[in-house]
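Everything on this sheet refers to the single structure shown next.
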Amino acid sequence: STARLWDIAEKKQLRSLKQEARINNAVFNADGTRVLTASDDSTVRIWDAENGRQLNSLRLQSKVNSAAFSSDGKWILTATVDNYVRIWNAASRLAEEPVYSFRFQYEINKAVFSKDAKTILLACSDSSAHIIDALSGKQLKSFQHDDIVTDAVFSADEKSIVTASRDRTDRVWDIASGKQIGHSMKHDADVSSAVFSLDGQCIITACWDNAAHLW
């Protein structure tokens, strides 16, 4: 139930951000001044990264699996266990109604914006990742695993995505064709997350056997 900010150079903890239940993800905005958390206590909270003070919060009707800023920091994307995707105006009070919302067919474990915020990438419990239109909710592309997809992220150039799954693999996909690039990267345990390096040449994965792997 705690998110922690660390000083990389000094290898020390700077501050703790505490909530009432497990925090499912925590992300910075683009300039690193704000932290956004999503929690099983059904809240989304915005924190000041400099002093750890809570700036804003929103209580939803169900547990929040994922929350993310748009690249320009204007929008917040949330996904809850009742399959709802919601987009909020980050500049307004989060207690207001979302700018847009829809209910997807499956539970969403992770949701992220594309850079222009026109599309959304979802990691879902139907063993697939999906790219959808942010305003209509229309499904544009799907990428199939053999078990629940736990994470999905765009590459920096947004030409590909990497997905992580409980089928113990992570996979890289070409967005334009929808086809997998290369072989699946196999692990000894379920894969909880995966992310590209900035240059797109490497991938780091985190697994349920307490190991991280660099590919």
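Within each chain, counting starts at residue 1; across the structure tokens, chains are named A, B, ... in the order shown, with ligands numbered 1 upward in that order.
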Env of His183 of chain A: 10 Å cut, atoms = only C-alpha atoms, seq-sep filter 3 positions within chain, self excluded. Answer as a PyMOL selection string. chain A and resi 169-172+180+186
Do a neighbour search on Lys179 of chain A at 10 Å with only C-alpha atoms, toss out local chain neighbours closer than 6 positions, and write the hits as a PyMOL selection string. chain A and resi 142-144+160+172-173
Output the selection as an mmCIF file, in the first residue's frame - all heavy atoms for each residue.
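Full text of again-v2.cif as output:
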data_model
loop_
_atom_site.group_PDB
_atom_site.id
_atom_site.type_symbol
_atom_site.label_atom_id
_atom_site.label_comp_id
_atom_site.auth_asym_id
_atom_site.auth_seq_id
_atom_site.Cartn_x
_atom_site.Cartn_y
_atom_site.Cartn_z
ATOM 1 N N SER A 142 -5.511 -6.387 -32.298
ATOM 2 C CA SER A 142 -5.413 -7.307 -31.168
ATOM 3 C C SER A 142 -4.164 -8.161 -31.318
ATOM 4 O O SER A 142 -3.738 -8.464 -32.440
ATOM 5 C CB SER A 142 -6.647 -8.213 -31.091
ATOM 6 O OG SER A 142 -7.782 -7.483 -30.711
ATOM 7 N N PHE A 143 -3.592 -8.552 -30.162
ATOM 8 C CA PHE A 143 -2.346 -9.308 -30.130
ATOM 9 C C PHE A 143 -2.535 -10.440 -29.118
ATOM 10 O O PHE A 143 -2.726 -10.185 -27.928
ATOM 11 C CB PHE A 143 -1.184 -8.397 -29.742
ATOM 12 C CG PHE A 143 -1.127 -7.122 -30.565
ATOM 13 C CD1 PHE A 143 -1.821 -5.993 -30.144
ATOM 14 C CD2 PHE A 143 -0.415 -7.066 -31.747
ATOM 15 C CE1 PHE A 143 -1.794 -4.817 -30.888
ATOM 16 C CE2 PHE A 143 -0.377 -5.901 -32.496
ATOM 17 C CZ PHE A 143 -1.068 -4.775 -32.069
ATOM 18 N N GLN A 144 -2.449 -11.692 -29.571
ATOM 19 C CA GLN A 144 -2.899 -12.839 -28.797
ATOM 20 C C GLN A 144 -1.772 -13.557 -28.065
ATOM 21 O O GLN A 144 -0.731 -13.874 -28.654
ATOM 22 C CB GLN A 144 -3.599 -13.838 -29.725
ATOM 23 C CG GLN A 144 -4.248 -15.009 -29.014
ATOM 24 C CD GLN A 144 -5.469 -14.603 -28.221
ATOM 25 O OE1 GLN A 144 -6.258 -13.767 -28.663
ATOM 26 N NE2 GLN A 144 -5.644 -15.190 -27.045
ATOM 27 N N SER A 160 6.027 -0.492 -32.598
ATOM 28 C CA SER A 160 5.861 -1.829 -32.030
ATOM 29 C C SER A 160 5.391 -1.727 -30.583
ATOM 30 O O SER A 160 5.409 -0.656 -29.977
ATOM 31 C CB SER A 160 7.171 -2.616 -32.116
ATOM 32 O OG SER A 160 8.215 -1.935 -31.442
ATOM 33 N N VAL A 172 7.151 -9.279 -28.718
ATOM 34 C CA VAL A 172 7.206 -7.994 -29.416
ATOM 35 C C VAL A 172 6.368 -8.107 -30.677
ATOM 36 O O VAL A 172 6.440 -9.116 -31.403
ATOM 37 C CB VAL A 172 8.651 -7.602 -29.757
ATOM 38 C CG1 VAL A 172 8.690 -6.283 -30.521
ATOM 39 C CG2 VAL A 172 9.487 -7.499 -28.481
ATOM 40 N N TRP A 173 5.579 -7.061 -30.943
ATOM 41 C CA TRP A 173 4.644 -7.078 -32.068
ATOM 42 C C TRP A 173 4.828 -5.845 -32.938
ATOM 43 O O TRP A 173 5.064 -4.746 -32.428
ATOM 44 C CB TRP A 173 3.210 -7.097 -31.548
ATOM 45 C CG TRP A 173 2.898 -8.152 -30.544
ATOM 46 C CD1 TRP A 173 3.141 -8.093 -29.188
ATOM 47 C CD2 TRP A 173 2.291 -9.416 -30.776
ATOM 48 N NE1 TRP A 173 2.715 -9.243 -28.570
ATOM 49 C CE2 TRP A 173 2.191 -10.082 -29.519
ATOM 50 C CE3 TRP A 173 1.817 -10.063 -31.925
ATOM 51 C CZ2 TRP A 173 1.625 -11.338 -29.397
ATOM 52 C CZ3 TRP A 173 1.251 -11.323 -31.803
ATOM 53 C CH2 TRP A 173 1.168 -11.955 -30.547
#
Dump as JSON lines the rows for residues of segment 138-167 of chain A within 12 Å of segment 62-74 of chain A: closest atom pair and distance in Å with one decimal, only C-alpha atoms counted, ordered by chain and rising residue number.
{"residue": "A:Thr150", "atom": "CA", "partner": "A:Asn65", "partner_atom": "CA", "distance": 10.4}
{"residue": "A:Asp151", "atom": "CA", "partner": "A:Ser66", "partner_atom": "CA", "distance": 10.1}
{"residue": "A:Ala152", "atom": "CA", "partner": "A:Ser66", "partner_atom": "CA", "distance": 11.6}
{"residue": "A:Val153", "atom": "CA", "partner": "A:Ala68", "partner_atom": "CA", "distance": 11.6}
{"residue": "A:Ala156", "atom": "CA", "partner": "A:Ser71", "partner_atom": "CA", "distance": 11.6}
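When atom CA of Asp188 of chain A is paired with atom CA of Lys141 of chain A, their separation reads 28.5 Å.
If you measure from each of A:Ser16, A:Asn89, A:Ser184, A:Ser155 to Gln54 of chain A using only C-alpha atoms, the closest one turns out to be A:Ser16.
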For atom CA of Asn83 of chain A and atom CA of Ile181 of chain A, determine how far apart the two atoms are, in Å to one decimal place.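 Rounded to one decimal, the two atoms are 28.9 Å apart.
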Quick one: residues within 10 Å of Leu77 of chain A, only C-alpha atoms, excluding same-chain residues fewer than 3 positions away - as JSON, numbers by chain? {"A": [66, 67, 68, 69, 70, 85, 86, 87, 88, 89, 90, 98, 100, 101, 111, 112, 113, 117, 120, 134]}
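Among A:Phe104, A:Phe196, A:Lys118, A:Ser177, the residue with the shortest atom-to-atom distance to His130 of chain A, counting only C-alpha atoms, is A:Phe104.
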Quick one: residues within 12 Å of Ser92 of chain A, only C-alpha atoms counted, chain neighbours fewer than 6 positions away excluded, as a ChimeraX atom specification? /A:46,55-58,74-76,98-99
Please dump the current selection as a PDB file, in the first residue's frame; keep all heavy atoms.
ATOM      1  N   ILE A  46      -3.112  11.945  -7.193  1.00  0.00           N
ATOM      2  CA  ILE A  46      -2.001  12.701  -7.757  1.00  0.00           C
ATOM      3  C   ILE A  46      -1.184  13.273  -6.609  1.00  0.00           C
ATOM      4  O   ILE A  46      -1.730  13.852  -5.672  1.00  0.00           O
ATOM      5  CB  ILE A  46      -2.508  13.842  -8.661  1.00  0.00           C
ATOM      6  CG1 ILE A  46      -3.336  13.281  -9.824  1.00  0.00           C
ATOM      7  CG2 ILE A  46      -1.333  14.649  -9.211  1.00  0.00           C
ATOM      8  CD1 ILE A  46      -3.962  14.350 -10.697  1.00  0.00           C
ATOM      9  N   LEU A  55      -2.102  15.936  -3.904  1.00  0.00           N
ATOM     10  CA  LEU A  55      -2.687  17.120  -4.520  1.00  0.00           C
ATOM     11  C   LEU A  55      -4.148  16.925  -4.905  1.00  0.00           C
ATOM     12  O   LEU A  55      -4.935  17.876  -4.890  1.00  0.00           O
ATOM     13  CB  LEU A  55      -1.893  17.500  -5.776  1.00  0.00           C
ATOM     14  CG  LEU A  55      -0.408  17.785  -5.570  1.00  0.00           C
ATOM     15  CD1 LEU A  55       0.265  18.025  -6.907  1.00  0.00           C
ATOM     16  CD2 LEU A  55      -0.229  18.985  -4.643  1.00  0.00           C
ATOM     17  N   ASN A  56      -4.501  15.707  -5.264  1.00  0.00           N
ATOM     18  CA  ASN A  56      -5.848  15.448  -5.745  1.00  0.00           C
ATOM     19  C   ASN A  56      -6.138  13.962  -5.621  1.00  0.00           C
ATOM     20  O   ASN A  56      -5.211  13.135  -5.635  1.00  0.00           O
ATOM     21  CB  ASN A  56      -5.977  15.890  -7.207  1.00  0.00           C
ATOM     22  CG  ASN A  56      -7.400  16.276  -7.569  1.00  0.00           C
ATOM     23  OD1 ASN A  56      -8.350  15.906  -6.887  1.00  0.00           O
ATOM     24  ND2 ASN A  56      -7.544  17.014  -8.658  1.00  0.00           N
ATOM     25  N   SER A  57      -7.406  13.604  -5.514  1.00  0.00           N
ATOM     26  CA  SER A  57      -7.766  12.192  -5.448  1.00  0.00           C
ATOM     27  C   SER A  57      -9.173  11.995  -5.991  1.00  0.00           C
ATOM     28  O   SER A  57      -9.979  12.926  -6.040  1.00  0.00           O
ATOM     29  CB  SER A  57      -7.682  11.655  -4.016  1.00  0.00           C
ATOM     30  OG  SER A  57      -8.660  12.246  -3.198  1.00  0.00           O
ATOM     31  N   LEU A  58      -9.410  10.778  -6.404  1.00  0.00           N
ATOM     32  CA  LEU A  58     -10.710  10.401  -6.948  1.00  0.00           C
ATOM     33  C   LEU A  58     -11.052   9.010  -6.463  1.00  0.00           C
ATOM     34  O   LEU A  58     -10.241   8.095  -6.583  1.00  0.00           O
ATOM     35  CB  LEU A  58     -10.655  10.414  -8.482  1.00  0.00           C
ATOM     36  CG  LEU A  58     -11.849   9.813  -9.208  1.00  0.00           C
ATOM     37  CD1 LEU A  58     -13.073  10.695  -9.016  1.00  0.00           C
ATOM     38  CD2 LEU A  58     -11.546   9.645 -10.687  1.00  0.00           C
ATOM     39  N   LYS A  74      -2.032  16.432 -19.993  1.00  0.00           N
ATOM     40  CA  LYS A  74      -3.364  17.037 -19.943  1.00  0.00           C
ATOM     41  C   LYS A  74      -4.463  16.053 -19.543  1.00  0.00           C
ATOM     42  O   LYS A  74      -5.513  16.455 -19.036  1.00  0.00           O
ATOM     43  CB  LYS A  74      -3.711  17.641 -21.306  1.00  0.00           C
ATOM     44  CG  LYS A  74      -2.858  18.837 -21.695  1.00  0.00           C
ATOM     45  CD  LYS A  74      -3.278  19.381 -23.055  1.00  0.00           C
ATOM     46  CE  LYS A  74      -2.458  20.594 -23.442  1.00  0.00           C
ATOM     47  NZ  LYS A  74      -2.853  21.121 -24.778  1.00  0.00           N
ATOM     48  N   TRP A  75      -4.214  14.771 -19.769  1.00  0.00           N
ATOM     49  CA  TRP A  75      -5.252  13.773 -19.562  1.00  0.00           C
ATOM     50  C   TRP A  75      -4.756  12.657 -18.650  1.00  0.00           C
ATOM     51  O   TRP A  75      -3.567  12.349 -18.616  1.00  0.00           O
ATOM     52  CB  TRP A  75      -5.714  13.179 -20.897  1.00  0.00           C
ATOM     53  CG  TRP A  75      -6.038  14.205 -21.920  1.00  0.00           C
ATOM     54  CD1 TRP A  75      -5.289  14.565 -23.010  1.00  0.00           C
ATOM     55  CD2 TRP A  75      -7.191  15.057 -21.939  1.00  0.00           C
ATOM     56  NE1 TRP A  75      -5.899  15.568 -23.701  1.00  0.00           N
ATOM     57  CE2 TRP A  75      -7.069  15.897 -23.074  1.00  0.00           C
ATOM     58  CE3 TRP A  75      -8.311  15.194 -21.115  1.00  0.00           C
ATOM     59  CZ2 TRP A  75      -8.024  16.854 -23.397  1.00  0.00           C
ATOM     60  CZ3 TRP A  75      -9.262  16.148 -21.431  1.00  0.00           C
ATOM     61  CH2 TRP A  75      -9.122  16.957 -22.556  1.00  0.00           C
ATOM     62  N   ILE A  76      -5.695  12.048 -17.946  1.00  0.00           N
ATOM     63  CA  ILE A  76      -5.412  10.881 -17.115  1.00  0.00           C
ATOM     64  C   ILE A  76      -6.306   9.741 -17.583  1.00  0.00           C
ATOM     65  O   ILE A  76      -7.508   9.924 -17.810  1.00  0.00           O
ATOM     66  CB  ILE A  76      -5.655  11.184 -15.629  1.00  0.00           C
ATOM     67  CG1 ILE A  76      -4.561  12.127 -15.105  1.00  0.00           C
ATOM     68  CG2 ILE A  76      -5.682   9.905 -14.796  1.00  0.00           C
ATOM     69  CD1 ILE A  76      -4.821  12.644 -13.711  1.00  0.00           C
ATOM     70  N   PRO A  98     -15.803  12.126 -15.806  1.00  0.00           N
ATOM     71  CA  PRO A  98     -14.761  11.923 -16.806  1.00  0.00           C
ATOM     72  C   PRO A  98     -15.137  12.579 -18.132  1.00  0.00           C
ATOM     73  O   PRO A  98     -16.320  12.748 -18.447  1.00  0.00           O
ATOM     74  CB  PRO A  98     -14.688  10.399 -16.936  1.00  0.00           C
ATOM     75  CG  PRO A  98     -16.025   9.908 -16.480  1.00  0.00           C
ATOM     76  CD  PRO A  98     -16.451  10.858 -15.413  1.00  0.00           C
ATOM     77  N   VAL A  99     -14.124  12.928 -18.898  1.00  0.00           N
ATOM     78  CA  VAL A  99     -14.355  13.478 -20.232  1.00  0.00           C
ATOM     79  C   VAL A  99     -14.968  12.425 -21.133  1.00  0.00           C
ATOM     80  O   VAL A  99     -15.828  12.707 -21.968  1.00  0.00           O
ATOM     81  CB  VAL A  99     -13.019  13.979 -20.831  1.00  0.00           C
ATOM     82  CG1 VAL A  99     -13.206  14.455 -22.266  1.00  0.00           C
ATOM     83  CG2 VAL A  99     -12.437  15.091 -19.971  1.00  0.00           C
TER      84      VAL A  99
END
Extract the full set of strand (DSSP E) residues from chain A according to DSSP on the backbone, and format it as number ranges by chain. A: 2-7, 12-18, 23-28, 34-39, 43-48, 54-59, 64-69, 75-80, 84-89, 100-103, 108-113, 119-124, 128-133, 139-144, 149-154, 160-165, 169-174, 180-186, 191-196, 203-207, 212-214
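Between Ile204 of chain A and the candidates A:Val191, A:Val44, A:Asp146, A:Gly178, the tightest atom-to-atom separation, counting only C-alpha atoms, involves A:Val191.
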Take atom CA of Ser127 of chain A and atom CA of Tyr106 of chain A and report the distance between them in Å, one decimal.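 We find that atom CA of Ser127 of chain A and atom CA of Tyr106 of chain A lie 9.7 Å from each other.
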For Trp6 of chain A, please output as a list in words all residues within 12 Å (counting only C-alpha atoms; exclusion window: fewer than 5 positions along the same chain). Lys11, Lys12, Gln13, Leu14, Arg15, Ser16, Leu17, Ala49, Glu50 and Gly52 of chain A
Any chance you can output those residues with N, CA and C atoms as a short mmCIF file (atom, residue, chain, number, x, y, z; two decimals), in the first residue's frame?
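The result, stored in selection-v3.cif:
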data_model
loop_
_atom_site.label_atom_id
_atom_site.label_comp_id
_atom_site.auth_asym_id
_atom_site.auth_seq_id
_atom_site.Cartn_x
_atom_site.Cartn_y
_atom_site.Cartn_z
N LYS A 11 21.09 6.06 -4.20
CA LYS A 11 20.51 4.77 -3.81
C LYS A 11 19.80 4.85 -2.47
N LYS A 12 19.02 5.92 -2.30
CA LYS A 12 18.29 6.07 -1.05
C LYS A 12 16.85 6.50 -1.33
N GLN A 13 15.98 6.12 -0.40
CA GLN A 13 14.58 6.49 -0.52
C GLN A 13 14.38 7.94 -0.14
N LEU A 14 13.62 8.66 -0.96
CA LEU A 14 13.36 10.07 -0.69
C LEU A 14 12.07 10.28 0.10
N ARG A 15 11.02 9.56 -0.30
CA ARG A 15 9.73 9.71 0.40
C ARG A 15 8.82 8.56 0.07
N SER A 16 7.77 8.38 0.91
CA SER A 16 6.78 7.33 0.73
C SER A 16 5.41 7.96 0.49
N LEU A 17 4.64 7.33 -0.37
CA LEU A 17 3.27 7.76 -0.68
C LEU A 17 2.35 6.62 -0.25
N ALA A 49 5.72 15.24 -6.57
CA ALA A 49 6.92 14.41 -6.48
C ALA A 49 8.01 15.04 -5.63
N GLU A 50 7.98 16.36 -5.50
CA GLU A 50 9.03 17.05 -4.75
C GLU A 50 8.87 16.87 -3.25
N GLY A 52 5.99 14.99 -1.75
CA GLY A 52 5.16 13.86 -1.38
C GLY A 52 3.76 14.22 -0.93
#
Excluding Ala189 of chain A and its own-chain neighbours fewer than 3 positions away, which residues fall within 10 Å of it when counting only C-alpha atoms? Please give them as a ChimeraX atom specification. /A:165-169,186,192,206-211
